[in-house]
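S.K.: Structure file upload.cif (mmCIF, C-alpha atoms) right here:
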data_run
loop_
_atom_site.label_atom_id
_atom_site.label_comp_id
_atom_site.auth_asym_id
_atom_site.auth_seq_id
_atom_site.Cartn_x
_atom_site.Cartn_y
_atom_site.Cartn_z
CA MET A 21 63.66 55.16 73.07
CA ARG A 22 67.14 54.13 74.17
CA LYS A 23 66.53 50.51 73.08
CA MET A 24 65.43 51.68 69.65
CA THR A 25 68.61 53.75 69.26
CA VAL A 26 70.77 50.78 70.29
CA VAL A 27 68.96 48.52 67.78
CA ILE A 28 69.37 51.04 64.95
CA VAL A 29 73.07 51.58 65.74
CA GLY A 30 73.57 47.81 65.94
CA LEU A 31 71.92 47.25 62.57
CA PHE A 32 73.96 50.06 61.08
CA ILE A 33 77.18 48.45 62.32
CA LEU A 34 76.13 45.09 60.88
CA VAL A 35 75.40 46.65 57.51
CA LEU A 36 78.78 48.39 57.47
CA ALA A 37 80.60 45.23 58.52
CA GLY A 38 79.00 43.20 55.72
CA CYS A 39 78.65 39.48 55.71
CA GLY A 40 82.03 38.59 54.26
CA TYR A 41 80.67 37.70 50.83
CA THR A 42 82.95 38.41 47.93
CA THR A 43 82.81 37.86 44.20
CA ARG A 44 86.49 37.01 44.05
CA ALA A 45 87.36 33.41 43.31
CA SER A 46 89.87 32.45 45.97
CA ASN A 47 90.69 29.00 44.64
CA VAL A 48 91.94 29.90 41.15
CA PRO A 49 95.37 28.25 40.94
CA PHE A 50 96.91 31.13 38.98
CA LYS A 51 96.91 34.88 39.47
CA THR A 52 98.17 36.06 36.08
CA ILE A 53 97.13 35.20 32.53
CA TYR A 54 98.28 36.10 29.06
CA ILE A 55 95.72 36.20 26.26
CA ASP A 56 97.53 35.12 23.11
CA LYS A 57 96.62 36.57 19.73
CA PHE A 58 93.63 34.77 18.25
CA THR A 59 93.61 33.44 14.70
CA ASN A 60 90.64 33.72 12.40
CA ASN A 61 89.90 30.34 10.77
CA ILE A 62 86.34 31.16 9.77
CA ILE A 63 85.64 30.20 6.18
CA PHE A 64 83.78 32.98 4.39
CA THR A 65 82.44 31.65 1.09
CA ALA A 66 79.34 32.07 -1.02
CA GLU A 67 78.08 28.73 0.33
CA SER A 68 78.48 29.76 3.95
CA LYS A 69 75.81 31.64 5.90
CA ARG A 70 78.01 34.71 5.85
CA ASN A 71 79.92 35.58 2.68
CA VAL A 72 81.30 38.94 3.83
CA TYR A 73 84.55 38.96 5.75
CA LEU A 74 84.41 40.64 9.17
CA PRO A 75 87.72 42.52 9.38
CA LEU A 76 89.71 42.23 12.60
CA LEU A 77 87.09 40.06 14.31
CA GLU A 78 89.85 38.08 16.03
CA VAL A 79 91.33 41.30 17.43
CA ASP A 80 87.94 42.45 18.71
CA VAL A 81 87.39 39.08 20.43
CA ARG A 82 90.82 39.14 22.10
CA ASP A 83 90.38 42.75 23.24
CA ALA A 84 86.95 41.95 24.71
CA ILE A 85 88.38 38.98 26.62
CA ILE A 86 91.15 41.14 28.06
CA ASP A 87 88.62 43.80 29.05
CA ARG A 88 86.41 41.19 30.69
CA PHE A 89 89.30 39.72 32.73
CA GLN A 90 90.19 43.23 33.89
CA PHE A 91 86.56 43.91 34.81
CA ASP A 92 86.31 40.59 36.69
CA GLY A 93 89.47 41.25 38.69
CA ASN A 94 90.17 37.68 39.81
CA VAL A 95 93.16 37.25 37.50
CA ARG A 96 95.53 39.93 36.22
CA ILE A 97 96.54 40.28 32.57
CA SER A 98 100.26 39.70 32.21
CA LYS A 99 103.07 39.55 29.69
CA PRO A 100 103.63 36.05 28.25
CA ASP A 101 106.94 35.46 30.06
CA LEU A 102 105.41 36.36 33.46
CA ALA A 103 102.03 34.66 33.08
CA GLU A 104 101.00 31.63 35.12
CA ALA A 105 98.44 30.67 32.43
CA ILE A 106 98.14 31.35 28.71
CA LEU A 107 94.83 31.39 26.85
CA LYS A 108 95.13 30.50 23.16
CA GLY A 109 92.22 30.67 20.79
CA GLU A 110 91.05 30.58 17.23
CA LEU A 111 87.81 31.71 15.69
CA SER A 112 86.20 28.65 14.16
CA GLY A 113 82.73 29.70 13.12
CA TYR A 114 80.29 32.46 12.39
CA ASP A 115 76.62 31.61 12.00
CA ARG A 116 73.67 33.83 11.25
CA ASP A 117 70.35 32.02 11.48
CA GLY A 118 66.83 33.30 11.02
CA LEU A 119 64.77 33.02 14.21
CA ARG A 120 61.50 34.74 13.44
CA TYR A 121 59.71 35.08 10.10
CA ASP A 122 56.77 37.16 8.95
CA ASP A 123 53.78 35.90 6.95
CA ASN A 124 55.78 36.18 3.69
CA ASP A 125 58.60 34.03 5.10
CA ASP A 126 60.90 37.04 5.31
CA VAL A 127 63.27 37.01 8.27
CA GLU A 128 62.36 39.44 11.05
CA GLU A 129 64.92 38.33 13.64
CA TYR A 130 68.38 36.78 13.31
CA ARG A 131 70.73 35.08 15.76
CA VAL A 132 74.46 35.67 15.38
CA ARG A 133 76.82 33.08 16.89
CA ILE A 134 80.61 33.32 17.05
CA SER A 135 82.40 30.06 17.85
CA VAL A 136 85.96 29.59 19.07
CA LYS A 137 88.38 26.83 19.97
CA LEU A 138 90.24 27.51 23.20
CA GLU A 139 93.15 26.13 25.21
CA LEU A 140 94.27 27.26 28.63
CA ILE A 141 97.91 26.27 29.07
CA ASN A 142 100.30 26.18 32.01
CA PRO A 143 103.44 27.75 30.46
CA SER A 144 105.84 26.26 32.99
CA THR A 145 104.87 22.67 32.07
CA ASP A 146 103.18 23.21 28.67
CA ALA A 147 100.30 21.16 30.06
CA VAL A 148 96.81 21.90 28.83
CA ILE A 149 94.69 22.95 31.82
CA TRP A 150 91.46 22.77 29.81
CA ARG A 151 90.42 22.71 26.18
CA GLU A 152 87.12 23.70 24.55
CA SER A 153 86.49 23.02 20.88
CA GLY A 154 83.05 24.55 20.41
CA PHE A 155 82.74 27.52 22.73
CA SER A 156 80.40 30.27 21.48
CA GLY A 157 78.80 33.62 22.20
CA GLU A 158 75.59 34.79 20.62
CA ALA A 159 73.17 37.67 20.23
CA THR A 160 69.99 38.40 18.32
CA TYR A 161 68.82 41.37 16.29
CA PHE A 162 65.62 42.51 14.60
CA LEU A 163 65.57 43.93 11.10
CA SER A 164 62.62 46.26 11.71
CA GLY A 165 60.36 47.57 14.42
CA PRO A 166 61.13 49.35 17.69
CA ASN A 167 63.91 46.88 18.59
CA ALA A 168 65.62 47.04 15.18
CA SER A 169 69.40 47.03 15.15
CA SER A 170 72.22 46.16 12.81
CA GLU A 171 74.12 42.94 12.39
CA GLU A 172 77.26 44.77 13.46
CA SER A 173 75.73 45.68 16.82
CA ALA A 174 74.66 42.05 17.25
CA VAL A 175 78.24 40.96 16.48
CA ASP A 176 79.47 43.34 19.20
CA ASP A 177 76.93 41.86 21.64
CA ALA A 178 77.95 38.31 20.66
CA ILE A 179 81.61 39.20 21.30
CA LYS A 180 80.69 40.53 24.76
CA ASP A 181 78.70 37.36 25.48
CA LEU A 182 81.60 35.21 24.30
CA SER A 183 84.15 37.08 26.45
CA ARG A 184 81.91 36.80 29.52
CA ARG A 185 81.54 33.05 29.00
CA ILE A 186 85.28 32.58 28.50
CA VAL A 187 86.16 34.42 31.70
CA GLU A 188 83.49 32.50 33.63
CA ARG A 189 84.82 29.20 32.23
CA THR A 190 88.36 30.16 33.25
CA ILE A 191 87.51 31.41 36.75
CA GLU A 192 84.57 29.28 37.85
CA SER A 193 85.99 25.90 36.86
CA TRP A 194 87.98 25.84 40.09
#
Show me this structure written as structure tokens.
M.R.:
Amino acid sequence: MRKMTVVIVGLFILVLAGCGYTTRASNVPFKTIYIDKFTNNIIFTAESKRNVYLPLLEVDVRDAIIDRFQFDGNVRISKPDLAEAILKGELSGYDRDGLRYDDNDDVEEYRVRISVKLELINPSTDAVIWRESGFSGEATYFLSGPNASSEESAVDDAIKDLSRRIVERTIESW
């Protein structure tokens, strides 16, 4: 009985001590970042796949990126004059494509994709740390059925996907 108690106490101590694993990226060369205001360069015309302007989409994308950096915790959001890195971006595309069709060739499921151009800059040297010209986030939505949702909710999900990918690109590239 005494051996069993010692084994249980030992296992308990090991569990409490943990294994030293952390989700923090220790080799990121900067600790603070400023997320510059994004510009919206998406062309909304009758010929495009989306002819309705999405108001303040660039603000929603920037806010989601800031939220995601704060959630991640590896890099702190900073003012521009105190930041060790600056992320600049512009919205470059919005696509809505049919994915699934019914027997009458009516769309049942759409994919929404938001594309951006990004630059991560070292403000002390004005050197570009990395540049991405076709970075995107996407989500799908159904028009009917038990999984039906709106295009607006899919846009929100695409923004969340985009912000997650941007933070991962920024943190995990080191």
S.K.: Considering all atoms listed in the file, return as a count of residues only whatever protein or nucleic-acid residues lie within 8 Å of Phe162 (chain A), sequence-local ones (same chain, fewer than 6 positions apart) excluded.
M.R.: 6
S.K.: Find the residue from A:Lys137, A:Asp181, A:Tyr54, A:Glu192 that sits nearest to Ser98 (chain A); use all atoms listed in the file when measuring.
M.R.: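 Going through A:Lys137, A:Asp181, A:Tyr54, A:Glu192 one by one, the smallest distance to Ser98 (chain A) is for A:Tyr54.
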S.K.: Counting only C-alpha atoms, which residues come within 9 Å of (85.4, 34.5, 27.4), with the point read in the file's coordinates, and could you list them as a list in words?
M.R.: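 The requested residues, written out, are Val81, Arg82, Ala84, Ile85, Ile86, Arg88, Phe89, Phe155, Ser156, Gly157, Ile179, Lys180, Asp181, Leu182, Ser183, Arg184, Arg185, Ile186, Val187, Glu188, Arg189 and Thr190 of chain A.
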S.K.: Neighbouring residues of Asn61 (chain A) were defined as those with any atom within 9 Å, considering all atoms listed in the file; residues of the same chain fewer than 2 positions away were excluded. Please report them as a PyMOL selection string.
M.R.: chain A and resi 59+63+110-113
S.K.: What does the structure give for the distance between CA of Asn124 (chain A) and CA of Asn167 (chain A), in Å to one decimal?
M.R.: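 Straight-line distance from CA of Asn124 (chain A) to CA of Asn167 (chain A) works out to 20.1 Å.
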S.K.: What is the CA of Lys99 (chain A) to CA of Glu152 (chain A) distance in Å?
M.R.: 23.1 Å
S.K.: Could you tell me how far CA of Gly109 (chain A) sits from CA of Val79 (chain A), in Å to one decimal place?
M.R.: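 Going from CA of Val79 (chain A) over to CA of Gly109 (chain A) covers 11.2 Å.
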